[in-house]
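I have placed the structure first, in the form of structure tokens, so that the comments after it can refer back to it.
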Amino acid sequence: MSIKTVLPQFPQFTVHLFKFKNVTNSKEIKQNLIKGDKRYDFSFINAQTVLSEEQLLSAVYRALLDHTQDKIRTKTIHSEVIFSLSPTQNIMDALRRFGIQDDSTDLIVIKIVDSNSQEEFDLSVVEGEEVDITDEDLKSSAILKTIKKNYKLKSEDLTVLSHQIVAAIQLRGL
Amino acid sequence: MSDHLVELAKSHLTNIPVSLISQGAESLIFTTTTHPYMETSDEGQQYIVKFRPPKKYRHPQLDAQLTKRRTLAEARLLQRLYGADGISVPSIIAVDARNGILWLEYIGQQIENGVSSLKNYLWLEDSKADYESLLRAVGDMIARLHQMGIVHGDLTTSNVMLQKHGSQWAPCLIDFGLGFTSDLVEDKAVDLYVLERAILSTHPVHSDNYNSWLMEGYKKGYGKDQGKFKQVMKRYEDVRMRGRKRSMLG
Ligand SMILES: Nc1ncnc2c1ncn2[C@@H]1O[C@H](COP(=O)(O)O)[C@@H](O)[C@H]1O
């Protein structure tokens with residue numbers, strides 16, 4: 001199942017999280033994303049770079065906080081979520097590391113909508129199998145080596161690692 | 001008196017029900033059972049929200065800068081320490097530096113006489129058997145902190161919290177609001193002296209024992225680096241002397 005959540009401090013937004021495996025059209029998604037096609041207004045995240053739900057939601061929190069304080073650095077809330085996953089200030093680097101790649105097969109897709117509008121969105125742009133998005137599912141597609149390298153961390157304990165990632169996300173560029 | 005500060009904190013914490021548990025010169029400490037972004041799974045799980053309110057007497061812009069800087073300084077110390085070998089500190093949950101807000105893991109639990117701080121624990125007659133190993137563990141952790149070039153700045157027995165690991169209590173250092181990075185032996189010696197005084201004032205009867213266990217742990221925490229330990233000890237004696245002279249002068 002996907003996750004639908006409202007962060008208490010930001011009731012005006014509803015956050016949807018999905019996970020897909022065996023995605024076959026990542027290259028096409030990326031091209032349309034770059035063109036700015038409105039149907040692709042989602043955060044498309046390379047699932048290999050994500051260890052936990054806590055990591056994802058912590059980045060969403062950071063993006064919403066910066067958005068409501070007029071401090072976002074990228075064009076949309078959806079690109080900001082990807083930038084928020086990054087421990088560094090380099091936007092291009094963040095999108096390259098954490099965003100969808102031409103050959104991505106495991107994707108996390110996030111959609112943030114206005115809680116008041118009954119805004120519909122269409123996920124059929126992703127050709128793949130939707131799967132659950134629990135910590136266990138996230139761990140199964142995570143590549144620890146990449147994650148540790150991205151955040152320059154080395155803990156063997158996954159709970160500690162996840163908390164260290166949260167700190168890096170919360171403190172980026174401040 | 002603090003009501004308006006509590007209201008101000010709440011205005012930055014929409015939909016987060018908070019209860020004030022402590023108020024210092026620098027910050028207000030709240031607990032909440034609402035996580036800022038995770039759906040809470042454990043009933044009764046608590047989180048700490050630390051709020052540094054604006055100071056009226058400072059220029060607003062300068063004040064905003066200082067608040068942000070202090071909030072980040074504390075968060076960065078915790079970031080460096082969390083997960084380090086032999087050190088235990090609360091993990092960071094969220095940071096709203098522009099509003100002076102830091103969300104932290106809640107440390108400790110209720111014991112017979114309040115929260116499980118070292119201060120309260122040392123009052124419990126029944127737990128005497130644990131004191132030696134516990135105080136050694138505290139000393140060891142402070143040594144590791146100092147070896148990382150970090151000074152706590154406010155080492156009281158309330159700022160050493162105890163957490164249950166299985167059947168054993170283990171220390172966890174909280175409140176790095178006055179913490180800073182330093183490699184000066186003076187700063188480390190003063191850090192130790194502050195803790196010694198705190199133990200003396202809250203637990204005068206056995207304080208000699210307590211402090212010697214603490215020091216033994218501190219020595220051990222330096223591992224092979226006994227040279228560094230000796231430098232701090234030497235300065236520590238000077239700091240004690242100065243302290244004594246000061247109290248003689250009244
Ligand atoms: N992370 C924490 N977990 C549990 N209690 C805390 C935590 N941080 C602060 N406190 C409590 O709040 C008091 C004042 O905090 P502080 O102003 O940070 O010294 C401490 O003495 C503790 O009782």
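Residues are named by chain letter and number: chains run A, B, ... in the order of the structure tokens, numbers start at 1 in each chain, and ligands are numbered from 1 in the order shown.
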Please identify which residues in stretch 54-205 of chain B DSSP calls alpha helix (DSSP H) from the backbone, and express them as an mmCIF file with N, CA, C and O atoms, in the first residue's frame.
```cif
data_model
loop_
_atom_site.group_PDB
_atom_site.id
_atom_site.type_symbol
_atom_site.label_atom_id
_atom_site.label_comp_id
_atom_site.auth_asym_id
_atom_site.auth_seq_id
_atom_site.Cartn_x
_atom_site.Cartn_y
_atom_site.Cartn_z
ATOM 1 N N PRO B 60 16.340 43.168 16.824
ATOM 2 C CA PRO B 60 15.631 42.003 16.269
ATOM 3 C C PRO B 60 16.423 41.209 15.241
ATOM 4 O O PRO B 60 16.421 39.975 15.269
ATOM 5 N N GLN B 61 17.110 41.934 14.351
ATOM 6 C CA GLN B 61 17.835 41.212 13.302
ATOM 7 C C GLN B 61 19.022 40.442 13.861
ATOM 8 O O GLN B 61 19.262 39.290 13.518
ATOM 9 N N LEU B 62 19.742 41.108 14.761
ATOM 10 C CA LEU B 62 20.887 40.490 15.405
ATOM 11 C C LEU B 62 20.405 39.299 16.238
ATOM 12 O O LEU B 62 21.001 38.223 16.233
ATOM 13 N N ASP B 63 19.287 39.502 16.931
ATOM 14 C CA ASP B 63 18.725 38.462 17.769
ATOM 15 C C ASP B 63 18.373 37.221 16.954
ATOM 16 O O ASP B 63 18.689 36.102 17.337
ATOM 17 N N ALA B 64 17.726 37.443 15.795
ATOM 18 C CA ALA B 64 17.349 36.330 14.929
ATOM 19 C C ALA B 64 18.584 35.560 14.494
ATOM 20 O O ALA B 64 18.598 34.324 14.488
ATOM 21 N N GLN B 65 19.641 36.299 14.182
ATOM 22 C CA GLN B 65 20.892 35.658 13.773
ATOM 23 C C GLN B 65 21.488 34.813 14.890
ATOM 24 O O GLN B 65 21.926 33.685 14.674
ATOM 25 N N LEU B 66 21.516 35.406 16.090
ATOM 26 C CA LEU B 66 22.102 34.701 17.237
ATOM 27 C C LEU B 66 21.305 33.453 17.600
ATOM 28 O O LEU B 66 21.859 32.401 17.895
ATOM 29 N N THR B 67 19.979 33.586 17.564
ATOM 30 C CA THR B 67 19.114 32.445 17.876
ATOM 31 C C THR B 67 19.383 31.310 16.906
ATOM 32 O O THR B 67 19.564 30.161 17.307
ATOM 33 N N LYS B 68 19.436 31.650 15.631
ATOM 34 C CA LYS B 68 19.683 30.647 14.611
ATOM 35 C C LYS B 68 21.053 30.011 14.837
ATOM 36 O O LYS B 68 21.203 28.785 14.805
ATOM 37 N N ARG B 69 22.032 30.846 15.118
ATOM 38 C CA ARG B 69 23.393 30.345 15.277
ATOM 39 C C ARG B 69 23.510 29.406 16.481
ATOM 40 O O ARG B 69 24.119 28.348 16.404
ATOM 41 N N ARG B 70 22.887 29.787 17.615
ATOM 42 C CA ARG B 70 22.966 28.939 18.815
ATOM 43 C C ARG B 70 22.226 27.612 18.606
ATOM 44 O O ARG B 70 22.663 26.561 19.048
ATOM 45 N N THR B 71 21.075 27.704 17.958
ATOM 46 C CA THR B 71 20.287 26.487 17.708
ATOM 47 C C THR B 71 21.092 25.526 16.835
ATOM 48 O O THR B 71 21.176 24.323 17.120
ATOM 49 N N LEU B 72 21.727 26.091 15.800
ATOM 50 C CA LEU B 72 22.513 25.246 14.902
ATOM 51 C C LEU B 72 23.763 24.716 15.575
ATOM 52 O O LEU B 72 24.165 23.577 15.343
ATOM 53 N N ALA B 73 24.376 25.535 16.427
ATOM 54 C CA ALA B 73 25.600 25.097 17.098
ATOM 55 C C ALA B 73 25.291 23.861 17.953
ATOM 56 O O ALA B 73 26.017 22.864 17.917
ATOM 57 N N GLU B 74 24.190 23.921 18.687
ATOM 58 C CA GLU B 74 23.809 22.789 19.523
ATOM 59 C C GLU B 74 23.499 21.563 18.661
ATOM 60 O O GLU B 74 23.958 20.455 18.941
ATOM 61 N N ALA B 75 22.740 21.789 17.593
ATOM 62 C CA ALA B 75 22.374 20.670 16.720
ATOM 63 C C ALA B 75 23.617 20.032 16.094
ATOM 64 O O ALA B 75 23.713 18.811 15.987
ATOM 65 N N ARG B 76 24.582 20.852 15.687
ATOM 66 C CA ARG B 76 25.781 20.308 15.051
ATOM 67 C C ARG B 76 26.632 19.508 16.020
ATOM 68 O O ARG B 76 27.224 18.495 15.642
ATOM 69 N N LEU B 77 26.683 19.949 17.271
ATOM 70 C CA LEU B 77 27.415 19.157 18.269
ATOM 71 C C LEU B 77 26.751 17.785 18.417
ATOM 72 O O LEU B 77 27.419 16.750 18.426
ATOM 73 N N LEU B 78 25.424 17.797 18.507
ATOM 74 C CA LEU B 78 24.703 16.519 18.645
ATOM 75 C C LEU B 78 24.916 15.649 17.414
ATOM 76 O O LEU B 78 25.089 14.432 17.514
ATOM 77 N N GLN B 79 24.922 16.288 16.251
ATOM 78 C CA GLN B 79 25.151 15.538 15.004
ATOM 79 C C GLN B 79 26.521 14.856 15.025
ATOM 80 O O GLN B 79 26.659 13.705 14.639
ATOM 81 N N ARG B 80 27.537 15.606 15.493
ATOM 82 C CA ARG B 80 28.878 15.015 15.541
ATOM 83 C C ARG B 80 28.964 13.883 16.555
ATOM 84 O O ARG B 80 29.670 12.895 16.341
ATOM 85 N N LEU B 81 28.261 14.041 17.668
ATOM 86 C CA LEU B 81 28.400 13.065 18.749
ATOM 87 C C LEU B 81 27.538 11.827 18.554
ATOM 88 O O LEU B 81 27.900 10.733 18.980
ATOM 89 N N LEU B 118 20.912 11.294 36.557
ATOM 90 C CA LEU B 118 21.914 10.833 37.521
ATOM 91 C C LEU B 118 21.607 11.430 38.893
ATOM 92 O O LEU B 118 21.718 10.763 39.927
ATOM 93 N N LYS B 119 21.177 12.678 38.897
ATOM 94 C CA LYS B 119 20.848 13.363 40.147
ATOM 95 C C LYS B 119 19.812 12.585 40.952
ATOM 96 O O LYS B 119 20.019 12.297 42.136
ATOM 97 N N ASN B 120 18.709 12.246 40.307
ATOM 98 C CA ASN B 120 17.662 11.511 41.026
ATOM 99 C C ASN B 120 18.110 10.110 41.404
ATOM 100 O O ASN B 120 17.818 9.629 42.502
ATOM 101 N N TYR B 121 18.825 9.493 40.492
ATOM 102 C CA TYR B 121 19.226 8.102 40.737
ATOM 103 C C TYR B 121 20.144 7.997 41.954
ATOM 104 O O TYR B 121 20.047 7.044 42.741
ATOM 105 N N LYS B 128 22.359 1.655 45.247
ATOM 106 C CA LYS B 128 23.781 1.898 45.589
ATOM 107 C C LYS B 128 24.766 0.968 44.883
ATOM 108 O O LYS B 128 25.853 1.392 44.494
ATOM 109 N N ALA B 129 24.358 -0.282 44.724
ATOM 110 C CA ALA B 129 25.257 -1.269 44.131
ATOM 111 C C ALA B 129 25.702 -0.872 42.724
ATOM 112 O O ALA B 129 26.763 -1.260 42.265
ATOM 113 N N ASP B 130 24.875 -0.071 42.036
ATOM 114 C CA ASP B 130 25.179 0.328 40.651
ATOM 115 C C ASP B 130 26.101 1.537 40.556
ATOM 116 O O ASP B 130 26.604 1.833 39.484
ATOM 117 N N TYR B 131 26.243 2.278 41.631
ATOM 118 C CA TYR B 131 26.851 3.602 41.509
ATOM 119 C C TYR B 131 28.259 3.561 40.937
ATOM 120 O O TYR B 131 28.626 4.385 40.110
ATOM 121 N N GLU B 132 29.050 2.597 41.406
ATOM 122 C CA GLU B 132 30.437 2.594 40.951
ATOM 123 C C GLU B 132 30.541 2.428 39.439
ATOM 124 O O GLU B 132 31.178 3.230 38.755
ATOM 125 N N SER B 133 29.854 1.414 38.906
ATOM 126 C CA SER B 133 29.985 1.179 37.465
ATOM 127 C C SER B 133 29.349 2.319 36.673
ATOM 128 O O SER B 133 29.839 2.707 35.610
ATOM 129 N N LEU B 134 28.288 2.862 37.209
ATOM 130 C CA LEU B 134 27.613 3.962 36.518
ATOM 131 C C LEU B 134 28.500 5.205 36.447
ATOM 132 O O LEU B 134 28.664 5.820 35.393
ATOM 133 N N LEU B 135 29.099 5.569 37.585
ATOM 134 C CA LEU B 135 29.936 6.770 37.601
ATOM 135 C C LEU B 135 31.200 6.586 36.759
ATOM 136 O O LEU B 135 31.674 7.516 36.118
ATOM 137 N N ARG B 136 31.700 5.358 36.746
ATOM 138 C CA ARG B 136 32.834 5.079 35.847
ATOM 139 C C ARG B 136 32.411 5.275 34.394
ATOM 140 O O ARG B 136 33.153 5.816 33.579
ATOM 141 N N ALA B 137 31.199 4.812 34.081
ATOM 142 C CA ALA B 137 30.707 4.951 32.699
ATOM 143 C C ALA B 137 30.527 6.425 32.330
ATOM 144 O O ALA B 137 30.815 6.832 31.196
ATOM 145 N N VAL B 138 30.073 7.225 33.293
ATOM 146 C CA VAL B 138 29.911 8.658 33.038
ATOM 147 C C VAL B 138 31.278 9.285 32.748
ATOM 148 O O VAL B 138 31.456 10.024 31.778
ATOM 149 N N GLY B 139 32.269 8.957 33.596
ATOM 150 C CA GLY B 139 33.620 9.483 33.407
ATOM 151 C C GLY B 139 34.194 9.085 32.054
ATOM 152 O O GLY B 139 34.768 9.910 31.330
ATOM 153 N N ASP B 140 33.996 7.826 31.707
ATOM 154 C CA ASP B 140 34.487 7.314 30.437
ATOM 155 C C ASP B 140 33.876 8.105 29.264
ATOM 156 O O ASP B 140 34.567 8.489 28.309
ATOM 157 N N MET B 141 32.576 8.365 29.360
ATOM 158 C CA MET B 141 31.902 9.068 28.259
ATOM 159 C C MET B 141 32.397 10.515 28.128
ATOM 160 O O MET B 141 32.599 11.031 27.021
ATOM 161 N N ILE B 142 32.625 11.147 29.282
ATOM 162 C CA ILE B 142 33.118 12.531 29.242
ATOM 163 C C ILE B 142 34.522 12.573 28.632
ATOM 164 O O ILE B 142 34.848 13.472 27.862
ATOM 165 N N ALA B 143 35.327 11.584 28.962
ATOM 166 C CA ALA B 143 36.672 11.519 28.382
ATOM 167 C C ALA B 143 36.598 11.425 26.857
ATOM 168 O O ALA B 143 37.322 12.098 26.125
ATOM 169 N N ARG B 144 35.699 10.599 26.376
ATOM 170 C CA ARG B 144 35.559 10.437 24.916
ATOM 171 C C ARG B 144 35.065 11.724 24.255
ATOM 172 O O ARG B 144 35.497 12.085 23.163
ATOM 173 N N LEU B 145 34.151 12.390 24.951
ATOM 174 C CA LEU B 145 33.657 13.688 24.483
ATOM 175 C C LEU B 145 34.837 14.656 24.338
ATOM 176 O O LEU B 145 35.038 15.280 23.293
ATOM 177 N N HIS B 146 35.639 14.739 25.404
ATOM 178 C CA HIS B 146 36.769 15.662 25.403
ATOM 179 C C HIS B 146 37.804 15.284 24.357
ATOM 180 O O HIS B 146 38.417 16.151 23.745
ATOM 181 N N GLN B 147 37.969 14.007 24.144
ATOM 182 C CA GLN B 147 38.935 13.591 23.121
ATOM 183 C C GLN B 147 38.476 13.971 21.725
ATOM 184 O O GLN B 147 39.289 14.113 20.819
ATOM 185 N N VAL B 185 43.056 22.301 27.456
ATOM 186 C CA VAL B 185 42.931 21.522 28.701
ATOM 187 C C VAL B 185 42.126 22.294 29.739
ATOM 188 O O VAL B 185 41.377 21.707 30.518
ATOM 189 N N GLU B 186 42.269 23.607 29.734
ATOM 190 C CA GLU B 186 41.520 24.438 30.686
ATOM 191 C C GLU B 186 40.010 24.174 30.575
ATOM 192 O O GLU B 186 39.334 23.964 31.580
ATOM 193 N N ASP B 187 39.486 24.183 29.349
ATOM 194 C CA ASP B 187 38.045 24.001 29.160
ATOM 195 C C ASP B 187 37.589 22.617 29.630
ATOM 196 O O ASP B 187 36.525 22.472 30.225
ATOM 197 N N LYS B 188 38.402 21.620 29.376
ATOM 198 C CA LYS B 188 38.044 20.265 29.794
ATOM 199 C C LYS B 188 38.104 20.144 31.312
ATOM 200 O O LYS B 188 37.232 19.528 31.938
ATOM 201 N N ALA B 189 39.134 20.747 31.902
ATOM 202 C CA ALA B 189 39.283 20.704 33.354
ATOM 203 C C ALA B 189 38.107 21.388 34.032
ATOM 204 O O ALA B 189 37.566 20.887 35.020
ATOM 205 N N VAL B 190 37.675 22.505 33.478
ATOM 206 C CA VAL B 190 36.535 23.221 34.062
ATOM 207 C C VAL B 190 35.263 22.390 33.928
ATOM 208 O O VAL B 190 34.453 22.302 34.856
ATOM 209 N N ASP B 191 35.105 21.734 32.774
ATOM 210 C CA ASP B 191 33.954 20.851 32.560
ATOM 211 C C ASP B 191 33.855 19.809 33.686
ATOM 212 O O ASP B 191 32.802 19.618 34.291
ATOM 213 N N LEU B 192 34.990 19.192 33.991
ATOM 214 C CA LEU B 192 35.037 18.178 35.049
ATOM 215 C C LEU B 192 34.766 18.781 36.420
ATOM 216 O O LEU B 192 34.053 18.200 37.239
ATOM 217 N N TYR B 193 35.348 19.942 36.635
ATOM 218 C CA TYR B 193 35.187 20.606 37.925
ATOM 219 C C TYR B 193 33.720 20.958 38.185
ATOM 220 O O TYR B 193 33.222 20.788 39.299
ATOM 221 N N VAL B 194 33.026 21.397 37.138
ATOM 222 C CA VAL B 194 31.608 21.730 37.266
ATOM 223 C C VAL B 194 30.820 20.490 37.711
ATOM 224 O O VAL B 194 29.973 20.555 38.608
ATOM 225 N N LEU B 195 31.154 19.349 37.131
ATOM 226 C CA LEU B 195 30.452 18.119 37.514
ATOM 227 C C LEU B 195 30.804 17.712 38.953
ATOM 228 O O LEU B 195 29.944 17.298 39.724
ATOM 229 N N GLU B 196 32.065 17.874 39.291
ATOM 230 C CA GLU B 196 32.469 17.554 40.658
ATOM 231 C C GLU B 196 31.695 18.401 41.666
ATOM 232 O O GLU B 196 31.180 17.897 42.669
ATOM 233 N N ARG B 197 31.586 19.695 41.386
ATOM 234 C CA ARG B 197 30.843 20.594 42.280
ATOM 235 C C ARG B 197 29.375 20.208 42.339
ATOM 236 O O ARG B 197 28.751 20.272 43.400
ATOM 237 N N ALA B 198 28.833 19.798 41.191
ATOM 238 C CA ALA B 198 27.411 19.425 41.160
ATOM 239 C C ALA B 198 27.183 18.205 42.035
ATOM 240 O O ALA B 198 26.209 18.142 42.802
ATOM 241 N N ILE B 199 28.094 17.257 41.978
ATOM 242 C CA ILE B 199 27.954 16.051 42.796
ATOM 243 C C ILE B 199 28.112 16.397 44.275
ATOM 244 O O ILE B 199 27.336 15.963 45.113
ATOM 245 N N LEU B 200 29.088 17.251 44.551
ATOM 246 C CA LEU B 200 29.320 17.661 45.932
ATOM 247 C C LEU B 200 28.101 18.359 46.520
ATOM 248 O O LEU B 200 27.726 18.119 47.669
ATOM 249 N N SER B 201 27.465 19.212 45.724
ATOM 250 C CA SER B 201 26.359 19.972 46.287
ATOM 251 C C SER B 201 25.080 19.148 46.388
ATOM 252 O O SER B 201 24.276 19.385 47.285
ATOM 253 N N THR B 202 24.895 18.172 45.490
ATOM 254 C CA THR B 202 23.646 17.410 45.590
ATOM 255 C C THR B 202 23.797 16.137 46.415
ATOM 256 O O THR B 202 22.816 15.650 46.970
#
```
Contact residues (chain B, partner chain A, 6 Å, only C-alpha atoms) as a list in words: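 Listed by rising number, the hits are Thr14, Asn15, Tyr37, Ile92, Ala94 and Val95 of chain B.
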List every residue of chain B that has an atom at most 8 Å from any atom of ligand 1, giving for each one its closest atom pair and the distance in Å to one decimal, counting only C-alpha atoms and all ligand atoms, sorted by chain and then by ascending residue number, as a Markdown table.
```
| residue | atom | partner | partner_atom_place_in_ligand_line | distance |
| --- | --- | --- | --- | --- |
| B:Ile21 | CA | ligand 1 | 12 (O) | 6.4 |
| B:Ser22 | CA | ligand 1 | 14 (C) | 5.4 |
| B:Gln23 | CA | ligand 1 | 17 (O) | 6.6 |
| B:Gly24 | CA | ligand 1 | 17 (O) | 5.7 |
| B:Glu26 | CA | ligand 1 | 17 (O) | 7.4 |
| B:Ser27 | CA | ligand 1 | 17 (O) | 5.9 |
| B:Leu28 | CA | ligand 1 | 17 (O) | 6.7 |
| B:Ile29 | CA | ligand 1 | 12 (O) | 5.6 |
| B:Phe30 | CA | ligand 1 | 12 (O) | 7.8 |
| B:Tyr47 | CA | ligand 1 | 3 (N) | 7.5 |
| B:Ile48 | CA | ligand 1 | 1 (N) | 5.8 |
| B:Lys50 | CA | ligand 1 | 18 (O) | 7.2 |
| B:Val89 | CA | ligand 1 | 1 (N) | 7.8 |
| B:Pro90 | CA | ligand 1 | 1 (N) | 5.3 |
| B:Leu104 | CA | ligand 1 | 1 (N) | 5.5 |
| B:Glu105 | CA | ligand 1 | 1 (N) | 5.3 |
| B:Tyr106 | CA | ligand 1 | 3 (N) | 3.7 |
| B:Ile107 | CA | ligand 1 | 3 (N) | 3.6 |
| B:Gly108 | CA | ligand 1 | 4 (C) | 5.8 |
| B:Val115 | CA | ligand 1 | 23 (O) | 7.1 |
| B:Ser117 | CA | ligand 1 | 23 (O) | 7.4 |
| B:Ser158 | CA | ligand 1 | 21 (O) | 5.0 |
| B:Asn159 | CA | ligand 1 | 21 (O) | 5.4 |
| B:Met161 | CA | ligand 1 | 4 (C) | 7.4 |
| B:Ile174 | CA | ligand 1 | 8 (N) | 5.6 |
| B:Asp175 | CA | ligand 1 | 18 (O) | 3.8 |
| B:Phe176 | CA | ligand 1 | 18 (O) | 6.9 |
| B:Gly177 | CA | ligand 1 | 18 (O) | 6.3 |
```
Within 9 Å of A:Ser115 using only C-alpha atoms, minus same-chain residues under 4 positions, as a PyMOL selection string: chain A and resi 6+11-15+119
Residue neighbourhood A:Phe18, 10 Å, only C-alpha atoms, exclusion window fewer than 6 positions, as a PyMOL selection string: chain A and resi 1-4+44+107-111+123+130-133
Please, could you write that set of residues out with C-alpha atoms as a PDB file, in the first residue's frame?
```
ATOM      1  CA  MET A   1       0.000   0.000   0.000  1.00  0.00           C
ATOM      2  CA  SER A   2       1.004   3.587  -0.607  1.00  0.00           C
ATOM      3  CA  ILE A   3       1.184   6.078   2.251  1.00  0.00           C
ATOM      4  CA  LYS A   4      -1.065   9.110   2.514  1.00  0.00           C
ATOM      5  CA  PHE A  44      10.711  10.661  -8.747  1.00  0.00           C
ATOM      6  CA  LEU A 107      11.304   4.174  -7.802  1.00  0.00           C
ATOM      7  CA  ILE A 108       9.749   6.107  -4.979  1.00  0.00           C
ATOM      8  CA  VAL A 109       7.174   8.609  -6.159  1.00  0.00           C
ATOM      9  CA  ILE A 110       5.960  11.456  -3.966  1.00  0.00           C
ATOM     10  CA  LYS A 111       3.043  13.765  -4.691  1.00  0.00           C
ATOM     11  CA  LEU A 123       0.285   7.706 -11.851  1.00  0.00           C
ATOM     12  CA  GLU A 130       3.368  -0.807  -7.411  1.00  0.00           C
ATOM     13  CA  VAL A 131       4.624  -2.341  -4.142  1.00  0.00           C
ATOM     14  CA  ASP A 132       4.254  -1.586  -0.419  1.00  0.00           C
ATOM     15  CA  ILE A 133       6.302   1.182   1.088  1.00  0.00           C
TER      16      ILE A 133
END
```
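Closest to B:Ile93 among A:Ile45, A:Gln55, A:Glu127, A:Lys19 is A:Gln55, based on only C-alpha atoms.
Reported to one decimal place, the separation of atom CA of A:Ser79 from atom CA of A:Ile91 is 9.3 Å.
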Can you pull out every residue within 10 Å of A:Glu28, counting only C-alpha atoms, but drop anything in the same chain fewer than 5 positions away, and send it as a PDB file with C-alpha atoms, in the first residue's frame?
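Result file is selection07.pdb:
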```
ATOM      1  CA  LEU A  33      10.369  15.677 -16.436  1.00  0.00           C
ATOM      2  CA  ILE A  34      13.140  17.767 -17.974  1.00  0.00           C
ATOM      3  CA  ASP A 102      17.601   6.482 -17.078  1.00  0.00           C
ATOM      4  CA  VAL A 125       2.949   7.698 -16.344  1.00  0.00           C
ATOM      5  CA  VAL A 126       4.960   5.092 -14.408  1.00  0.00           C
TER       6      VAL A 126
END
```
